[in-house]
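Data block for entry.txt (compact mmCIF, C-alpha atoms and all ligand atoms):
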```txt
# COMPACT_ATOMS: atom_id res chain seq x y z
CA MET C 123 66.36 57.84 192.63
CA TYR C 124 67.45 61.40 193.42
CA THR C 125 69.73 63.86 191.70
CA LEU C 126 71.80 66.32 193.70
CA ASP C 127 69.52 69.03 192.38
CA ASP C 128 66.42 67.30 193.81
CA ILE C 129 68.11 66.91 197.17
CA ILE C 130 69.18 70.52 197.33
CA LYS C 131 65.65 71.66 196.51
CA THR C 132 63.74 69.25 198.75
CA ASN C 133 65.89 69.52 201.87
CA LYS C 134 64.85 72.48 203.92
CA THR C 135 67.90 71.96 206.09
CA ALA C 136 71.47 70.73 205.68
CA PHE C 137 72.41 67.21 204.58
CA TYR C 138 75.35 64.88 203.89
CA VAL C 139 76.22 62.92 200.74
CA PHE C 140 78.69 60.01 200.79
CA ASP C 141 80.06 58.91 197.43
CA ILE C 142 80.87 55.20 197.29
CA ASN C 143 82.97 55.42 194.12
CA VAL C 144 85.23 57.98 195.79
CA LEU C 145 85.40 55.79 198.89
CA LYS C 146 86.31 52.61 197.01
CA GLU C 147 88.91 54.45 194.97
CA ARG C 148 90.37 55.75 198.23
CA ILE C 149 90.59 52.24 199.69
CA ARG C 150 92.31 50.99 196.51
CA TYR C 151 94.81 53.85 196.88
CA LEU C 152 95.49 53.09 200.56
CA LYS C 153 95.95 49.39 199.84
CA SER C 154 98.33 50.14 196.99
CA LYS C 155 100.47 52.07 199.47
CA MET C 156 100.68 49.31 202.10
CA PRO C 157 103.31 46.57 202.37
CA LYS C 158 102.08 42.99 201.71
CA ASN C 159 101.82 41.99 205.37
CA VAL C 160 99.47 44.92 206.18
CA SER C 161 95.69 44.75 206.12
CA ILE C 162 93.15 47.40 207.10
CA CYS C 163 90.72 47.41 210.01
CA TYR C 164 88.17 50.19 209.55
CA ALA C 165 87.25 52.07 212.75
CA ILE C 166 83.54 52.54 212.11
CA LYS C 167 83.24 55.41 214.55
CA ALA C 168 84.52 57.58 211.68
CA ASN C 169 81.41 56.84 209.62
CA PRO C 170 79.09 53.91 210.26
CA PHE C 171 76.87 54.62 207.23
CA VAL C 172 79.20 53.11 204.65
CA VAL C 173 80.11 49.84 206.37
CA LYS C 174 78.03 47.57 204.13
CA GLU C 175 79.42 49.06 200.92
CA ILE C 176 83.05 48.63 201.98
CA ASP C 177 82.67 45.21 203.58
CA PRO C 178 84.05 43.43 200.46
CA ASP C 179 87.07 45.77 200.38
CA LEU C 180 88.29 45.61 203.98
CA GLU C 181 89.52 42.86 206.25
CA LYS C 182 88.28 43.98 209.68
CA PHE C 183 86.01 46.43 211.51
CA GLU C 184 86.90 48.02 214.85
CA LEU C 185 83.79 48.51 216.99
CA CYS C 186 83.72 50.47 220.22
CA SER C 187 80.16 50.17 221.48
CA PRO C 188 77.17 47.84 221.46
CA GLY C 189 75.56 50.28 219.01
CA GLU C 190 78.41 49.91 216.53
CA VAL C 191 78.19 46.12 216.76
CA GLU C 192 74.44 46.27 216.14
CA ILE C 193 75.00 48.50 213.08
CA CYS C 194 77.43 45.96 211.64
CA LYS C 195 75.09 43.06 212.38
CA SER C 196 72.19 44.89 210.75
CA VAL C 197 74.05 45.10 207.44
CA GLY C 198 75.30 41.51 207.56
CA ILE C 199 78.97 41.92 208.54
CA ASP C 200 80.39 38.54 209.50
CA SER C 201 81.37 38.47 213.16
CA SER C 202 84.79 37.00 212.25
CA LYS C 203 85.64 40.46 210.87
CA MET C 204 84.70 42.27 214.08
CA VAL C 205 87.19 43.58 216.64
CA ILE C 206 85.27 44.42 219.80
CA SER C 207 87.24 47.32 221.14
CA GLY C 208 86.44 50.06 223.63
CA VAL C 209 87.49 51.38 227.00
CA TYR C 210 84.17 50.27 228.52
CA LYS C 211 82.82 46.99 227.34
CA THR C 212 79.28 46.77 228.66
CA PRO C 213 79.34 43.42 230.57
CA GLU C 214 75.73 42.51 229.71
CA TYR C 215 76.42 43.11 226.05
CA ILE C 216 79.63 41.05 226.06
CA ASP C 217 77.69 38.30 227.81
CA SER C 218 75.08 38.44 225.04
CA LEU C 219 77.82 38.03 222.40
CA PHE C 220 79.00 34.86 224.13
CA LYS C 221 75.48 33.47 223.87
CA GLU C 222 75.47 33.86 220.09
CA GLU C 223 77.70 32.44 217.39
CA PHE C 224 80.05 35.40 217.77
CA ASN C 225 83.40 34.67 216.25
CA GLY C 226 85.31 37.97 216.41
CA VAL C 227 88.20 39.26 218.48
CA TYR C 228 87.97 41.17 221.78
CA THR C 229 90.50 43.73 222.85
CA ILE C 230 91.59 43.85 226.48
CA GLU C 231 91.88 47.37 227.86
CA SER C 232 92.08 46.60 231.58
CA LEU C 233 92.48 43.76 234.03
CA THR C 234 88.74 44.02 234.70
CA GLN C 235 88.07 43.34 231.01
CA TYR C 236 90.55 40.46 231.03
CA PHE C 237 88.86 38.83 234.03
CA LEU C 238 85.41 39.37 232.52
CA LEU C 239 86.44 37.62 229.29
CA CYS C 240 88.08 34.77 231.26
CA LYS C 241 84.93 34.35 233.35
CA LEU C 242 82.61 34.32 230.34
CA SER C 243 84.78 31.92 228.35
CA GLN C 244 84.54 29.49 231.30
CA LYS C 245 80.83 30.11 231.84
CA TYR C 246 79.97 29.39 228.20
CA ASN C 247 82.82 26.91 227.66
CA LYS C 248 83.92 28.87 224.64
CA ASN C 249 87.34 29.55 223.16
CA ILE C 250 87.95 33.19 222.29
CA LYS C 251 90.61 35.33 220.66
CA VAL C 252 91.87 38.55 222.22
CA LEU C 253 94.26 41.40 221.52
CA ILE C 254 95.80 43.27 224.46
CA ARG C 255 95.83 47.04 224.04
CA LEU C 256 99.01 48.74 225.18
CA THR C 257 98.35 52.13 226.73
CA ASN C 258 99.71 55.36 225.27
CA SER C 259 99.70 56.88 228.79
CA SER C 260 96.00 57.68 228.72
CA GLN C 261 92.88 56.00 230.12
CA PHE C 262 93.04 53.53 227.21
CA GLY C 263 94.77 50.16 227.30
CA VAL C 264 97.06 48.68 229.95
CA ASN C 265 100.69 49.09 231.04
CA GLU C 266 103.49 46.95 229.70
CA GLU C 267 103.78 45.29 233.15
CA ASP C 268 100.09 44.33 233.01
CA ILE C 269 100.59 42.85 229.55
CA GLU C 270 103.46 40.79 230.94
CA ASP C 271 101.26 39.57 233.82
CA ILE C 272 98.36 38.75 231.50
CA SER C 273 100.65 36.91 229.09
CA LYS C 274 101.97 34.77 232.00
CA ASP C 275 98.41 34.06 233.14
CA LEU C 276 97.36 33.13 229.62
CA LYS C 277 99.81 30.22 229.59
CA THR C 278 97.45 28.28 231.85
CA ASN C 279 94.27 29.57 230.25
CA GLU C 280 93.07 27.23 227.54
CA LYS C 281 89.99 29.19 226.61
CA VAL C 282 91.53 32.60 225.93
CA GLU C 283 94.02 32.88 223.09
CA CYS C 284 95.90 36.15 222.80
CA ILE C 285 96.73 36.73 219.15
CA GLY C 286 98.71 39.93 219.65
CA ILE C 287 99.00 43.52 220.76
CA GLN C 288 96.97 46.59 219.79
CA PHE C 289 98.27 50.14 220.00
CA PHE C 290 96.64 53.45 219.11
CA SER C 291 97.95 56.80 220.29
CA GLY C 292 95.84 59.42 218.53
CA THR C 293 94.37 60.78 215.36
CA GLN C 294 95.71 63.27 212.73
CA LYS C 295 99.24 62.06 213.42
CA THR C 296 101.11 64.18 210.89
CA SER C 297 104.52 63.36 212.33
CA ILE C 298 105.94 60.28 210.64
CA LYS C 299 108.81 60.56 213.14
CA LYS C 300 106.31 59.86 215.91
CA VAL C 301 105.00 56.86 213.95
CA ARG C 302 108.59 55.61 213.57
CA ARG C 303 109.24 55.99 217.32
CA GLU C 304 106.04 54.13 218.19
CA ILE C 305 106.67 51.25 215.82
CA GLU C 306 110.30 50.90 216.91
CA HIS C 307 109.10 50.77 220.51
CA MET C 308 106.46 48.16 219.64
CA ASP C 309 109.02 46.13 217.69
CA ALA C 310 111.29 45.96 220.74
CA PHE C 311 108.34 45.18 223.04
CA LEU C 312 107.09 42.33 220.83
CA ILE C 313 110.62 40.87 220.79
CA HIS C 314 110.85 41.20 224.59
CA LEU C 315 107.50 39.40 225.03
CA ARG C 316 108.65 36.58 222.76
CA ASP C 317 112.24 36.17 223.97
CA ASP C 318 111.79 36.82 227.69
CA LEU C 319 108.26 35.60 228.30
CA GLY C 320 107.64 33.08 225.54
CA PHE C 321 104.62 35.04 224.27
CA THR C 322 104.38 35.16 220.49
CA SER C 323 102.17 37.73 218.79
CA SER C 324 100.82 36.68 215.43
CA VAL C 325 99.21 40.11 214.94
CA PHE C 326 100.24 43.67 215.66
CA GLU C 327 97.22 45.95 215.32
CA TYR C 328 98.30 49.55 214.99
CA GLY C 329 96.17 52.68 214.92
CA LEU C 330 98.21 54.78 212.51
CA GLY C 331 96.08 57.91 212.92
CA ALA C 332 96.89 58.84 209.31
CA PRO C 333 96.07 62.51 208.77
CA VAL C 334 93.72 64.21 206.34
CA SER C 335 94.15 67.69 204.82
CA TYR C 336 91.05 69.69 205.62
CA PHE C 337 92.01 73.31 205.16
CA GLU C 338 93.22 75.59 202.40
CA GLY C 339 97.02 75.71 202.61
CA ASP C 340 97.47 72.35 204.39
CA ASP C 341 100.67 70.99 202.91
CA PHE C 342 100.70 67.39 204.10
CA ASP C 343 102.56 65.19 201.58
CA GLU C 344 100.55 61.97 201.69
CA PRO C 345 102.49 59.81 199.17
CA THR C 346 105.76 60.48 201.03
CA TYR C 347 104.06 59.74 204.38
CA PHE C 348 102.83 56.34 203.18
CA ASN C 349 106.15 55.49 201.52
CA GLU C 350 107.93 56.18 204.81
CA PHE C 351 105.32 54.20 206.71
CA SER C 352 105.99 51.18 204.45
CA GLU C 353 109.70 51.55 204.96
CA ILE C 354 109.20 51.63 208.77
CA ILE C 355 107.01 48.52 208.70
CA ASN C 356 109.44 46.66 206.43
CA SER C 357 112.32 47.42 208.74
CA MET C 358 110.64 45.85 211.79
CA THR C 359 112.72 42.99 213.20
CA TYR C 360 109.70 41.21 214.64
CA LYS C 361 107.98 39.66 211.62
CA THR C 362 104.24 39.43 212.08
CA SER C 363 101.07 40.30 210.25
CA ILE C 364 100.13 43.93 210.73
CA ILE C 365 96.62 45.32 210.84
CA ILE C 366 96.31 49.07 210.68
CA GLU C 367 93.23 50.57 212.22
CA LEU C 368 92.09 53.52 210.14
CA GLY C 369 89.02 55.72 210.20
CA ARG C 370 89.52 59.29 209.07
CA SER C 371 91.94 58.56 206.26
CA VAL C 372 89.56 56.01 204.73
CA VAL C 373 86.34 57.99 204.69
CA ALA C 374 87.04 61.73 204.90
CA SER C 375 87.23 62.34 201.15
CA CYS C 376 83.99 60.55 200.27
CA GLY C 377 81.72 62.98 202.13
CA LYS C 378 80.31 66.38 201.40
CA TYR C 379 78.14 68.50 203.64
CA TYR C 380 75.60 70.81 202.04
CA THR C 381 73.91 73.70 203.76
CA HIS C 382 71.79 76.57 202.48
CA ILE C 383 72.27 80.27 203.09
CA VAL C 384 69.17 81.44 204.93
CA ASP C 385 70.08 85.00 205.88
CA LEU C 386 72.65 87.71 205.14
CA LYS C 387 73.51 90.76 207.21
CA CYS C 388 76.24 93.28 207.88
CA ASN C 389 76.80 94.06 211.57
CA LYS C 390 79.34 96.74 212.49
CA GLY C 391 81.13 96.33 209.16
CA ILE C 392 81.30 92.52 209.26
CA ASN C 393 79.36 90.44 206.71
CA TYR C 394 77.51 87.47 208.13
CA ALA C 395 76.06 84.60 206.09
CA LEU C 396 73.68 82.49 208.17
CA VAL C 397 73.20 78.87 207.12
CA ASP C 398 70.59 76.30 208.12
CA GLY C 399 73.29 73.86 209.31
CA GLY C 400 75.98 74.63 211.85
CA MET C 401 78.60 73.34 214.25
CA HIS C 402 76.13 70.80 215.67
CA GLN C 403 76.26 69.06 212.28
CA ILE C 404 79.73 69.64 210.88
CA VAL C 405 82.96 69.32 212.83
CA TYR C 406 86.42 69.64 211.34
CA PHE C 407 89.42 68.34 213.23
CA GLY C 408 91.53 71.27 214.37
CA GLN C 409 88.96 73.81 213.24
CA GLN C 410 90.07 76.06 216.11
CA MET C 411 86.99 78.26 216.30
CA ALA C 412 86.83 78.64 212.50
CA MET C 413 90.33 80.12 212.27
CA LYS C 414 91.11 77.94 209.24
CA GLN C 415 89.29 77.83 205.91
CA PRO C 416 87.87 74.47 204.93
CA ILE C 417 87.83 73.44 201.28
CA MET C 418 84.40 74.44 200.00
CA SER C 419 82.35 75.54 196.99
CA ILE C 420 79.04 77.23 196.14
CA ILE C 421 76.72 75.11 194.01
CA GLY C 422 76.37 76.63 190.55
CA LYS C 423 78.66 79.60 191.27
CA GLU C 424 82.33 80.39 191.08
CA ILE C 425 83.92 81.47 194.37
CA LYS C 426 85.58 84.82 193.75
CA THR C 427 88.63 84.57 195.98
CA ASP C 428 89.18 88.33 195.74
CA GLY C 429 85.49 88.91 196.51
CA LYS C 430 83.62 90.13 199.56
CA GLU C 431 84.51 88.30 202.79
CA TRP C 432 81.89 86.56 204.92
CA VAL C 433 81.68 84.98 208.33
CA ILE C 434 79.65 81.81 207.86
CA CYS C 435 77.51 81.13 210.92
CA GLY C 436 75.22 78.24 211.74
CA ALA C 437 71.64 78.24 212.96
CA LEU C 438 72.37 77.67 216.65
CA CYS C 439 71.73 80.44 219.12
CA SER C 440 75.32 80.27 220.25
CA MET C 441 78.08 82.75 219.48
CA ASN C 442 80.40 79.79 218.99
CA ASP C 443 78.46 78.61 215.98
CA ILE C 444 80.87 79.94 213.39
CA ILE C 445 81.87 77.55 210.62
CA VAL C 446 84.33 79.82 208.78
CA LYS C 447 85.64 83.32 209.42
CA GLN C 448 86.53 85.85 206.71
CA MET C 449 85.76 83.56 203.81
CA PRO C 450 86.00 85.39 200.45
CA LEU C 451 82.81 84.18 198.79
CA GLY C 452 81.94 87.29 196.76
CA ASP C 453 78.29 88.00 195.92
CA ILE C 454 76.24 85.33 197.62
CA GLU C 455 72.48 85.23 198.03
CA ILE C 456 69.90 83.77 200.34
CA GLY C 457 69.06 80.34 198.90
CA ASP C 458 72.60 79.57 197.70
CA THR C 459 73.91 76.14 198.70
CA LEU C 460 77.35 75.82 200.22
CA CYS C 461 79.24 72.55 199.88
CA PHE C 462 81.95 71.59 202.38
CA GLU C 463 84.41 68.96 201.13
CA ASN C 464 86.18 66.16 203.04
CA ALA C 465 83.26 65.77 205.43
CA GLY C 466 83.09 61.97 205.32
CA ALA C 467 84.84 61.25 208.62
CA TYR C 468 83.51 61.98 212.12
CA SER C 469 81.66 65.17 211.12
CA VAL C 470 78.35 63.43 210.67
CA MET C 471 78.74 61.72 214.06
CA GLU C 472 80.55 64.23 216.23
CA GLY C 473 78.29 67.27 216.12
CA MET C 474 76.35 68.27 219.22
CA ALA C 475 73.27 67.03 217.47
CA LEU C 476 70.85 67.58 220.35
CA PHE C 477 71.91 71.10 221.27
CA LEU C 478 69.08 73.58 220.70
CA SER C 479 66.73 70.85 219.51
CA ARG C 480 67.37 71.46 215.83
CA ASP C 481 67.06 68.66 213.29
CA ILE C 482 69.67 66.00 212.64
CA PRO C 483 70.62 66.22 208.94
CA ALA C 484 69.55 63.70 206.33
CA VAL C 485 72.23 61.42 204.89
CA TYR C 486 72.36 60.37 201.22
CA MET C 487 74.58 57.86 199.52
CA LYS C 488 75.77 58.02 195.93
CA LYS C 489 76.09 54.38 194.98
CA GLU C 490 78.61 52.88 192.57
CA ASN C 491 76.07 52.96 189.71
CA GLY C 492 75.52 56.68 190.27
CA GLU C 493 72.12 56.23 191.96
CA VAL C 494 71.60 58.57 194.94
CA ILE C 495 69.53 57.12 197.77
CA CYS C 496 68.50 58.41 201.18
CA ILE C 497 69.99 56.32 204.00
CA ARG C 498 68.82 58.46 206.92
CA ASP C 499 65.94 60.91 206.96
CA THR C 500 66.15 64.25 208.68
CA PHE C 501 65.40 63.54 212.32
CA GLU C 502 63.51 65.92 214.56
CA THR C 503 65.52 66.03 217.76
CA PHE C 504 62.79 67.80 219.69
CA GLU C 505 61.16 64.36 219.86
CA LEU C 506 64.15 63.20 221.92
CA ASN C 507 64.57 66.37 223.92
CA LYS C 508 60.99 66.98 224.97
CA PRO C 509 60.19 65.72 228.48
CA LYS C 510 58.16 62.54 228.62
CA TYR C 511 56.41 62.55 231.97
CA LYS C 512 56.04 59.15 233.49
CA ASN C 513 54.37 58.26 236.75
C1 LIG C 601 91.40 52.38 218.87
C2 LIG C 601 91.20 53.25 217.69
N1 LIG C 601 91.61 52.81 216.48
C3 LIG C 601 91.45 53.56 215.37
C4 LIG C 601 90.89 54.82 215.42
C5 LIG C 601 90.72 55.60 214.16
O1 LIG C 601 91.54 56.73 214.13
P1 LIG C 601 91.66 57.60 212.81
O2 LIG C 601 90.29 58.05 212.47
O3 LIG C 601 92.57 58.70 213.15
O4 LIG C 601 92.20 56.72 211.73
C6 LIG C 601 90.46 55.33 216.65
C7 LIG C 601 89.89 56.68 216.74
O5 LIG C 601 89.61 57.23 217.77
C8 LIG C 601 90.62 54.52 217.82
O6 LIG C 601 90.21 54.95 219.02
```
Taking this structure as input, can you express it in the form of structure tokens?
Ligand SMILES: Cc1ncc(COP(=O)(O)O)c(C=O)c1O
Amino acid sequence: MYTLDDIIKTNKTAFYVFDINVLKERIRYLKSKMPKNVSICYAIKANPFVVKEIDPDLEKFELCSPGEVEICKSVGIDSSKMVISGVYKTPEYIDSLFKEEFNGVYTIESLTQYFLLCKLSQKYNKNIKVLIRLTNSSQFGVNEEDIEDISKDLKTNEKVECIGIQFFSGTQKTSIKKVRREIEHMDAFLIHLRDDLGFTSSVFEYGLGAPVSYFEGDDFDEPTYFNEFSEIINSMTYKTSIIIELGRSVVASCGKYYTHIVDLKCNKGINYALVDGGMHQIVYFGQQMAMKQPIMSIIGKEIKTDGKEWVICGALCSMNDIIVKQMPLGDIEIGDTLCFENAGAYSVMEGMALFLSRDIPAVYMKKENGEVICIRDTFETFELNKPKYKN
């Protein structure tokens, strides 16, 4: 068992810590804000490391690649909780799911995917459940006309049961007005499908894209947002069970990213603090080339907000590797550890991990009983990047 102190001392490079108590408390909060007919489907792309711990707390998992499905299987997630999503569903992998006792739901994002699922359900004589994803005018999902065609076709298809419609239009959706417009549109569309085409959805799966405050000065009023969201859901005419797909909003607050100051310099009047991590390991949504200040602290020191300003730069040999500009940190030293808050969503997955062949950071988990365990060792990317000559 580790303490934070041990981890800071033993890690020569940056690392992540995910706190399961914080995460579970967050899920309790989100659930307390949802109307009764709403359950949560966790989009594991936001953070696949915590799936096992939150399995008892959440109804579904949205999985967008064979890798994500394998992660869920490896920690014992029941396939009935899996929603196999994704703009490209690797046909061989989908075929392999049909060969097993897979009992989850598939989304349909194109006619090609629809025909593939029809073919496989015939080939393996298996009944399956699907959701059709409505496009938001991007490469994802299908048009309303295609949904109408598929729903007509489904009437004669005994093997494929469409349980409803999925819709996701983007992340960090701060505008509740946009959410209202989308849900009103979906409400009317679900009614049209039922009344004009005889197609009844028993599920509406909605990617809310609930936002997270990352930066000093962000003034997003979360309780009001969720109250309005409940009001919008309750005022839907089409009564159905609602599943909201959430990633960021579930996991962001449980994660912290720690990185050590390895060098200090003043070039042409600007103070630079170099850290052993960098933009290949931590990514904030809307960071805009470090123009905003993330919420952060220095381990064992007070940040003097009227103190000396620093540009915090990562270890990559790239001028873009700036984590924060003009951050008033005061008197910092080589060896100090910086802690970046709200790093539980995407950050750990989205960095350009292989760029410059630096290490992938270790990941630790603080369990409910306070024990801190390592769940991924530091990984030396040069092993992946070095050429392996084969004849
Ligand atoms: C289909 C789908 N659902 C849910 C999510 C999760 O979004 P967020 O992290 O904003 O909650 C994503 C993210 O890309 C997605 O593509």
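Remark: for Gly466 in chain C, the closest of the candidate residues C:Leu506, C:Cys376, C:Val227, C:Leu478 is C:Cys376 (distances computed over all atoms listed in the file).
The residue that comes closest to ligand LIG 601 (chain C), out of C:Leu180, C:Met308, C:Cys388, C:Ala168 and on the basis of only C-alpha atoms and all ligand atoms, is C:Ala168.
Computed from the coordinates, the CA of Thr427 in chain C to CA of Met449 in chain C distance equals 8.4 Å.
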Specify the axis-aligned box that encloses all atoms of range 132-141 of chain C listed in the file after padding of 4 Å on each side, stating its centre and edge lengths in Å to one decimal as AutoDock Vina command-line options.
```
--center_x 71.9 --center_y 65.7 --center_z 201.8 --size_x 24.3 --size_y 21.6 --size_z 16.7
```
Around ligand LIG 601 (chain C), which protein and nucleic acid residues have at least one atom no more than 8 Å from it, if we count only C-alpha atoms and all ligand atoms? List them as a tab-separated table (two decimals) with C-alpha atoms, in the coordinates of the input.
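Result went into result_35.tsv, see below:
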```tsv
chain	number	residue	atom	x	y	z
C	164	TYR	CA	88.17	50.19	209.55
C	165	ALA	CA	87.25	52.07	212.75
C	167	LYS	CA	83.24	55.41	214.55
C	168	ALA	CA	84.52	57.58	211.68
C	184	GLU	CA	86.90	48.02	214.85
C	186	CYS	CA	83.72	50.47	220.22
C	207	SER	CA	87.24	47.32	221.14
C	208	GLY	CA	86.44	50.06	223.63
C	289	PHE	CA	98.27	50.14	220.00
C	290	PHE	CA	96.64	53.45	219.11
C	292	GLY	CA	95.84	59.42	218.53
C	293	THR	CA	94.37	60.78	215.36
C	294	GLN	CA	95.71	63.27	212.73
C	295	LYS	CA	99.24	62.06	213.42
C	328	TYR	CA	98.30	49.55	214.99
C	329	GLY	CA	96.17	52.68	214.92
C	330	LEU	CA	98.21	54.78	212.51
C	331	GLY	CA	96.08	57.91	212.92
C	332	ALA	CA	96.89	58.84	209.31
C	333	PRO	CA	96.07	62.51	208.77
C	367	GLU	CA	93.23	50.57	212.22
C	368	LEU	CA	92.09	53.52	210.14
C	369	GLY	CA	89.02	55.72	210.20
C	370	ARG	CA	89.52	59.29	209.07
C	371	SER	CA	91.94	58.56	206.26
C	372	VAL	CA	89.56	56.01	204.73
C	467	ALA	CA	84.84	61.25	208.62
C	468	TYR	CA	83.51	61.98	212.12
```
Just give me the residues with any atom within 9 Å of (68.5, 76.3, 212.6), file coordinates, counting all atoms listed in the file, written as a PyMOL selection string. chain C and resi 135+397-400+436-439+478-481
Quick one: everything within 8 Å of Gly473 in chain C, counting all atoms listed in the file, minus sequence neighbours fewer than 6 positions away in the same chain. Send it as a list in words. Met401, His402, Gln403, Ile404 and Val405 of chain C
From (78.9, 47.3, 229.6), in the file's coordinates, out to 12 Å: which residues are reached, counting all atoms listed in the file? Answer as a PDB file with C-alpha atoms, in the frame of the given file.
```
ATOM      1  CA  CYS C 186      83.720  50.470 220.220  1.00  0.00           C
ATOM      2  CA  SER C 187      80.160  50.170 221.480  1.00  0.00           C
ATOM      3  CA  PRO C 188      77.170  47.840 221.460  1.00  0.00           C
ATOM      4  CA  GLY C 189      75.560  50.280 219.010  1.00  0.00           C
ATOM      5  CA  SER C 207      87.240  47.320 221.140  1.00  0.00           C
ATOM      6  CA  GLY C 208      86.440  50.060 223.630  1.00  0.00           C
ATOM      7  CA  VAL C 209      87.490  51.380 227.000  1.00  0.00           C
ATOM      8  CA  TYR C 210      84.170  50.270 228.520  1.00  0.00           C
ATOM      9  CA  LYS C 211      82.820  46.990 227.340  1.00  0.00           C
ATOM     10  CA  THR C 212      79.280  46.770 228.660  1.00  0.00           C
ATOM     11  CA  PRO C 213      79.340  43.420 230.570  1.00  0.00           C
ATOM     12  CA  GLU C 214      75.730  42.510 229.710  1.00  0.00           C
ATOM     13  CA  TYR C 215      76.420  43.110 226.050  1.00  0.00           C
ATOM     14  CA  ILE C 216      79.630  41.050 226.060  1.00  0.00           C
ATOM     15  CA  ASP C 217      77.690  38.300 227.810  1.00  0.00           C
ATOM     16  CA  SER C 218      75.080  38.440 225.040  1.00  0.00           C
ATOM     17  CA  LEU C 219      77.820  38.030 222.400  1.00  0.00           C
ATOM     18  CA  THR C 234      88.740  44.020 234.700  1.00  0.00           C
ATOM     19  CA  GLN C 235      88.070  43.340 231.010  1.00  0.00           C
ATOM     20  CA  LEU C 238      85.410  39.370 232.520  1.00  0.00           C
TER      21      LEU C 238
END
```
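CA of Ser375 in chain C sits 10.2 Å away from CA of Glu147 in chain C.
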Compile a residue-level contact table for range 293-368 of chain C against range 255-266 of chain C at a cut-off of 12 Å, reporting for every qualifying residue the shortest atom pair and its distance in Å to one decimal, with only C-alpha atoms counted, rows ordered by chain and ascending number, as JSON lines.
```
{"residue": "C:Glu304", "atom": "CA", "partner": "C:Asn258", "partner_atom": "CA", "distance": 9.6}
{"residue": "C:His307", "atom": "CA", "partner": "C:Leu256", "partner_atom": "CA", "distance": 11.3}
{"residue": "C:Met308", "atom": "CA", "partner": "C:Leu256", "partner_atom": "CA", "distance": 9.3}
{"residue": "C:Ala310", "atom": "CA", "partner": "C:Glu266", "partner_atom": "CA", "distance": 11.9}
{"residue": "C:Phe311", "atom": "CA", "partner": "C:Glu266", "partner_atom": "CA", "distance": 8.4}
{"residue": "C:Leu312", "atom": "CA", "partner": "C:Glu266", "partner_atom": "CA", "distance": 10.6}
{"residue": "C:His314", "atom": "CA", "partner": "C:Glu266", "partner_atom": "CA", "distance": 10.6}
{"residue": "C:Leu315", "atom": "CA", "partner": "C:Glu266", "partner_atom": "CA", "distance": 9.7}
{"residue": "C:Val325", "atom": "CA", "partner": "C:Arg255", "partner_atom": "CA", "distance": 11.9}
{"residue": "C:Phe326", "atom": "CA", "partner": "C:Arg255", "partner_atom": "CA", "distance": 10.1}
{"residue": "C:Glu327", "atom": "CA", "partner": "C:Arg255", "partner_atom": "CA", "distance": 8.9}
{"residue": "C:Tyr328", "atom": "CA", "partner": "C:Arg255", "partner_atom": "CA", "distance": 9.7}
{"residue": "C:Gly329", "atom": "CA", "partner": "C:Arg255", "partner_atom": "CA", "distance": 10.7}
```
From the block I gave, I'd like range 161-171 of chain C written with N, CA and C atoms, as a short mmCIF file (atom, residue, chain, number, x, y, z; two decimals), in the first residue's frame.
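Output file decode.cif follows:
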```cif
data_model
loop_
_atom_site.label_atom_id
_atom_site.label_comp_id
_atom_site.auth_asym_id
_atom_site.auth_seq_id
_atom_site.Cartn_x
_atom_site.Cartn_y
_atom_site.Cartn_z
N SER C 161 -31.60 6.72 -16.35
CA SER C 161 -30.46 5.98 -15.81
C SER C 161 -29.20 6.41 -16.56
N ILE C 162 -28.05 6.00 -16.04
CA ILE C 162 -26.79 6.51 -16.62
C ILE C 162 -26.01 5.40 -17.32
N CYS C 163 -25.56 5.73 -18.52
CA CYS C 163 -24.67 4.86 -19.29
C CYS C 163 -23.31 5.56 -19.32
N TYR C 164 -22.31 4.94 -18.75
CA TYR C 164 -21.00 5.59 -18.66
C TYR C 164 -20.19 5.33 -19.95
N ALA C 165 -19.77 6.42 -20.59
CA ALA C 165 -18.95 6.31 -21.81
C ALA C 165 -17.50 6.09 -21.37
N ILE C 166 -17.02 4.86 -21.50
CA ILE C 166 -15.75 4.53 -20.85
C ILE C 166 -14.54 5.18 -21.52
N LYS C 167 -14.76 5.77 -22.68
CA LYS C 167 -13.64 6.46 -23.32
C LYS C 167 -13.10 7.57 -22.40
N ALA C 168 -13.96 8.08 -21.51
CA ALA C 168 -13.53 9.17 -20.63
C ALA C 168 -12.49 8.70 -19.62
N ASN C 169 -12.58 7.44 -19.22
CA ASN C 169 -11.61 6.88 -18.28
C ASN C 169 -11.93 5.41 -18.07
N PRO C 170 -11.17 4.54 -18.73
CA PRO C 170 -11.48 3.11 -18.63
C PRO C 170 -10.93 2.47 -17.35
N PHE C 171 -10.13 3.20 -16.59
CA PHE C 171 -9.46 2.59 -15.43
C PHE C 171 -10.40 2.31 -14.26
#
```
